[in-house]
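The next block holds one structure in the form of structure tokens; read it before the comments.
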Amino acid sequence: MEIKIPTIYEENIDYFIYKNSEVIFKYYSDIDEEICVVFKSVYGFTYIEFDYMDYAEMLIIERGTWKFGLELIENSPLINKLVKDNFPDGDVTRLARAFGGEMEKLKHYHLAIDDFGFYNILCKELEIQYVDQQRGIST
């Protein structure tokens with residue numbers, strides 16, 4: 001499922017950091033609006049450089065397509081792998097306590113930026129902030 005955010009261009013990226021279980025991505029839109037995308041309670045974070053097109057080809061095979069921008073991935077194979085790797089015995093009691101007892105909140109977001117790369121973020125919460133330089137923050 002696509003999540004609408006202003007188009008991201010490599011030259012408009014301010015920073016992308018991972019700290020304190022959050023991934024924070026800040027960039028500027030075409031109309032000089034500052035956008036801050038915050039992924040909270042992060043359990044997995046990967047980056048694949050855009051030059052490795054075999055990943056894009058894999059996405060086309062798996063999903064039939066891929067797009068630039070931000071997507072929520074339904075039935076994520078990465079979440080399934082995370083659970084399987086950490087709970088290979090399938091212990092339902094331990095699994096119920098995993099991820100702070102909120103496994104159902106765990107989501108997989110895919111961010112694709114032209115001429116830059118692909119990010120996969122496994123987290124519990126997403127917040128998008130739009131900062132108008134004249135008026136302040138709106139979420």
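Identifiers for the structure tokens are assigned positionally: chains receive A, B, ... in sequence, residues are indexed from 1 per chain, and ligands are indexed from 1 in the order shown.
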Which residues of segment 71-125 of chain A sit at most 6 Å from segment 30-43 of chain A, using only C-alpha atoms? Give each one's shortest atom pair and distance in Å (one decimal place), in chain and ascending residue order, as CSV.
residue,atom,partner,partner_atom,distance
A:Leu122,CA,A:Tyr43,CA,5.4
A:Cys123,CA,A:Val42,CA,4.1
A:Lys124,CA,A:Ser41,CA,5.5
A:Glu125,CA,A:Lys40,CA,5.0
Could you write out the selected residues, including N, CA and C atoms, as a PDB file, in the first residue's frame?
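Now in part14.pdb:
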ATOM      1  N   LEU A 122      11.580  -2.167   9.539  1.00  0.00           N
ATOM      2  CA  LEU A 122      10.594  -2.913  10.309  1.00  0.00           C
ATOM      3  C   LEU A 122      10.415  -2.172  11.628  1.00  0.00           C
ATOM      4  N   CYS A 123       9.222  -1.671  11.869  1.00  0.00           N
ATOM      5  CA  CYS A 123       8.993  -0.844  13.054  1.00  0.00           C
ATOM      6  C   CYS A 123       7.535  -0.932  13.495  1.00  0.00           C
ATOM      7  N   LYS A 124       7.241  -0.322  14.632  1.00  0.00           N
ATOM      8  CA  LYS A 124       5.872  -0.317  15.159  1.00  0.00           C
ATOM      9  C   LYS A 124       5.086   0.930  14.806  1.00  0.00           C
ATOM     10  N   GLU A 125       5.776   2.012  14.522  1.00  0.00           N
ATOM     11  CA  GLU A 125       5.053   3.273  14.333  1.00  0.00           C
ATOM     12  C   GLU A 125       5.734   4.140  13.283  1.00  0.00           C
TER      13      GLU A 125
END
| field | Residues within 9 Å of Glu49 of chain A, only C-alpha atoms, excluding chain neighbours under 5 positions, as a PyMOL selection string | value | chain A and resi 115-119
For the selection just defined, write its residues with N, CA and C atoms to a file, as a tab-separated table (two decimals), in the first residue's frame.
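Below is the file that was written, out-v2.tsv:
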chain	number	residue	atom	x	y	z
A	115	ASP	N	17.96	7.03	-7.95
A	115	ASP	CA	19.41	7.27	-7.97
A	115	ASP	C	20.06	7.21	-6.60
A	116	PHE	N	19.39	6.60	-5.65
A	116	PHE	CA	19.92	6.56	-4.29
A	116	PHE	C	19.90	5.14	-3.75
A	117	GLY	N	18.70	4.61	-3.50
A	117	GLY	CA	18.64	3.25	-2.99
A	117	GLY	C	17.28	2.87	-2.43
A	118	PHE	N	17.26	1.68	-1.87
A	118	PHE	CA	16.06	1.11	-1.26
A	118	PHE	C	16.30	0.91	0.23
A	119	TYR	N	15.33	1.29	1.04
A	119	TYR	CA	15.39	1.06	2.47
A	119	TYR	C	14.23	0.16	2.87
How close does segment 24-114 of chain A get to segment 10-19 of chain A? List, as JSON lines, each residue of segment 24-114 of chain A within 9 Å, its nearest atom pair and the distance in Å to one decimal, counting only C-alpha atoms.
{"residue": "A:Ile24", "atom": "CA", "partner": "A:Ile17", "partner_atom": "CA", "distance": 5.3}
{"residue": "A:Phe25", "atom": "CA", "partner": "A:Phe16", "partner_atom": "CA", "distance": 4.4}
{"residue": "A:Lys26", "atom": "CA", "partner": "A:Tyr15", "partner_atom": "CA", "distance": 5.4}
{"residue": "A:Tyr27", "atom": "CA", "partner": "A:Ile13", "partner_atom": "CA", "distance": 4.2}
{"residue": "A:Tyr28", "atom": "CA", "partner": "A:Asn12", "partner_atom": "CA", "distance": 5.2}
{"residue": "A:Ser29", "atom": "CA", "partner": "A:Asn12", "partner_atom": "CA", "distance": 7.1}
{"residue": "A:Asp30", "atom": "CA", "partner": "A:Asn12", "partner_atom": "CA", "distance": 8.5}
{"residue": "A:Val42", "atom": "CA", "partner": "A:Tyr18", "partner_atom": "CA", "distance": 8.9}
{"residue": "A:Phe45", "atom": "CA", "partner": "A:Tyr18", "partner_atom": "CA", "distance": 8.5}
{"residue": "A:Ile113", "atom": "CA", "partner": "A:Glu10", "partner_atom": "CA", "distance": 7.1}
{"residue": "A:Asp114", "atom": "CA", "partner": "A:Glu10", "partner_atom": "CA", "distance": 7.0}
Quick one: write out the picked residues with C-alpha atoms as a PDB file, in the first residue's frame?
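Result file part.pdb:
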ATOM      1  CA  ILE A  24      14.728   9.608  10.988  1.00  0.00           C
ATOM      2  CA  PHE A  25      14.702  10.722   7.378  1.00  0.00           C
ATOM      3  CA  LYS A  26      14.602  14.444   6.586  1.00  0.00           C
ATOM      4  CA  TYR A  27      14.316  15.999   3.141  1.00  0.00           C
ATOM      5  CA  TYR A  28      12.929  19.052   1.350  1.00  0.00           C
ATOM      6  CA  SER A  29      10.054  19.038  -1.130  1.00  0.00           C
ATOM      7  CA  ASP A  30       9.863  20.951  -4.400  1.00  0.00           C
ATOM      8  CA  VAL A  42      12.637  -0.049  14.857  1.00  0.00           C
ATOM      9  CA  PHE A  45      16.710  -1.539   9.021  1.00  0.00           C
ATOM     10  CA  ILE A 113      14.597   6.847  -3.740  1.00  0.00           C
ATOM     11  CA  ASP A 114      15.623   7.362  -7.373  1.00  0.00           C
TER      12      ASP A 114
END
| request: Give me the residues within 9 Å of Lys67 of chain A as a PyMOL selection string, counting only C-alpha atoms and dropping any in the same chain fewer than 2 places off. | output: chain A and resi 2+65+69-71+111-112
Residue subset to file, keeping N, CA and C atoms, as a CSV table (one decimal), in the first residue's frame:
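Produced file again.csv, reproduced below:
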chain,number,residue,atom,x,y,z
A,2,GLU,N,0.7,2.1,-1.0
A,2,GLU,CA,1.5,3.3,-1.1
A,2,GLU,C,1.1,4.3,0.0
A,65,THR,N,5.5,-5.3,-9.3
A,65,THR,CA,5.9,-4.0,-9.5
A,65,THR,C,6.7,-3.4,-8.3
A,69,GLY,N,9.2,6.0,-3.6
A,69,GLY,CA,8.4,6.6,-2.6
A,69,GLY,C,8.3,5.6,-1.4
A,70,LEU,N,7.3,5.8,-0.6
A,70,LEU,CA,7.1,5.0,0.6
A,70,LEU,C,5.9,4.1,0.5
A,71,GLU,N,6.1,2.8,0.9
A,71,GLU,CA,5.1,1.8,0.8
A,71,GLU,C,5.0,1.0,2.1
A,111,LEU,N,11.1,2.1,1.4
A,111,LEU,CA,11.3,3.5,0.9
A,111,LEU,C,12.3,3.4,-0.3
A,112,ALA,N,11.9,3.8,-1.5
A,112,ALA,CA,12.7,3.7,-2.7
A,112,ALA,C,12.9,5.1,-3.2
| Which residues, written as a ChimeraX atom specification, have at least one atom at most 6 Å from Tyr109 of chain A, with only C-alpha atoms counted and residues fewer than 4 positions away on the same chain left out? | /A:71-73,120-121
| Residue set, segment 4-100 of chain A restricted to helix (DSSP H, G or I), as a PyMOL selection string | chain A and resi 10-12+53-63+77-86+92-100
Expected file contents, prior selection, N, CA and C atoms, as a compact mmCIF listing (two decimals), in the first residue's frame:
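Resulting contents of part.txt:
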# COMPACT_ATOMS: atom_id res chain seq x y z
N GLU A 10 17.31 12.88 -4.67
CA GLU A 10 18.57 12.69 -3.96
C GLU A 10 19.17 14.01 -3.47
N GLU A 11 19.13 15.04 -4.31
CA GLU A 11 19.75 16.32 -3.94
C GLU A 11 18.99 17.07 -2.84
N ASN A 12 17.76 16.64 -2.53
CA ASN A 12 16.96 17.31 -1.50
C ASN A 12 17.02 16.61 -0.14
N MET A 53 20.52 -3.55 -9.14
CA MET A 53 19.19 -3.69 -9.73
C MET A 53 18.59 -5.08 -9.56
N ASP A 54 19.38 -6.06 -9.13
CA ASP A 54 18.80 -7.39 -8.92
C ASP A 54 17.73 -7.33 -7.84
N TYR A 55 17.88 -6.39 -6.88
CA TYR A 55 16.84 -6.22 -5.85
C TYR A 55 15.55 -5.70 -6.48
N ALA A 56 15.66 -4.73 -7.37
CA ALA A 56 14.47 -4.20 -8.04
C ALA A 56 13.81 -5.29 -8.86
N GLU A 57 14.62 -6.10 -9.52
CA GLU A 57 14.07 -7.21 -10.30
C GLU A 57 13.36 -8.21 -9.40
N MET A 58 13.91 -8.47 -8.21
CA MET A 58 13.27 -9.38 -7.26
C MET A 58 11.90 -8.82 -6.83
N LEU A 59 11.84 -7.50 -6.60
CA LEU A 59 10.57 -6.88 -6.22
C LEU A 59 9.53 -7.02 -7.33
N ILE A 60 9.96 -6.87 -8.56
CA ILE A 60 9.04 -7.02 -9.68
C ILE A 60 8.50 -8.45 -9.73
N ILE A 61 9.37 -9.42 -9.50
CA ILE A 61 8.94 -10.82 -9.50
C ILE A 61 7.99 -11.09 -8.33
N GLU A 62 8.35 -10.62 -7.11
CA GLU A 62 7.54 -10.88 -5.91
C GLU A 62 6.20 -10.15 -5.95
N ARG A 63 6.22 -8.88 -6.31
CA ARG A 63 5.02 -8.05 -6.20
C ARG A 63 4.40 -7.66 -7.53
N PRO A 77 7.60 -10.65 3.90
CA PRO A 77 8.52 -11.77 4.10
C PRO A 77 9.63 -11.42 5.09
N LEU A 78 9.97 -10.14 5.22
CA LEU A 78 11.01 -9.74 6.18
C LEU A 78 10.53 -9.89 7.62
N ILE A 79 9.26 -9.56 7.89
CA ILE A 79 8.72 -9.76 9.23
C ILE A 79 8.63 -11.26 9.52
N ASN A 80 8.18 -12.03 8.55
CA ASN A 80 8.11 -13.49 8.73
C ASN A 80 9.48 -14.06 9.03
N LYS A 81 10.52 -13.58 8.34
CA LYS A 81 11.89 -14.06 8.57
C LYS A 81 12.37 -13.64 9.96
N LEU A 82 12.09 -12.41 10.37
CA LEU A 82 12.49 -11.93 11.69
C LEU A 82 11.88 -12.82 12.78
N VAL A 83 10.61 -13.14 12.65
CA VAL A 83 9.93 -13.98 13.64
C VAL A 83 10.51 -15.40 13.61
N LYS A 84 10.68 -15.95 12.42
CA LYS A 84 11.19 -17.32 12.29
C LYS A 84 12.61 -17.43 12.84
N ASP A 85 13.47 -16.43 12.55
CA ASP A 85 14.85 -16.45 13.03
C ASP A 85 14.93 -16.35 14.55
N ASN A 86 14.02 -15.59 15.16
CA ASN A 86 14.06 -15.39 16.61
C ASN A 86 13.25 -16.41 17.39
N VAL A 92 4.53 -20.25 21.04
CA VAL A 92 3.48 -19.23 20.99
C VAL A 92 3.53 -18.32 22.22
N THR A 93 3.88 -18.85 23.38
CA THR A 93 3.95 -18.03 24.60
C THR A 93 5.04 -16.99 24.49
N ARG A 94 6.22 -17.41 24.07
CA ARG A 94 7.33 -16.46 23.89
C ARG A 94 7.01 -15.46 22.79
N LEU A 95 6.41 -15.94 21.72
CA LEU A 95 6.07 -15.08 20.59
C LEU A 95 5.06 -14.01 21.01
N ALA A 96 4.12 -14.36 21.88
CA ALA A 96 3.12 -13.40 22.37
C ALA A 96 3.77 -12.28 23.17
N ARG A 97 4.90 -12.57 23.84
CA ARG A 97 5.60 -11.55 24.63
C ARG A 97 6.61 -10.75 23.80
N ALA A 98 6.92 -11.25 22.62
CA ALA A 98 7.92 -10.60 21.77
C ALA A 98 7.46 -9.21 21.34
N PHE A 99 8.42 -8.39 21.03
CA PHE A 99 8.15 -7.04 20.52
C PHE A 99 7.28 -6.24 21.49
N GLY A 100 7.58 -6.38 22.79
CA GLY A 100 6.84 -5.66 23.83
C GLY A 100 5.40 -6.10 23.94
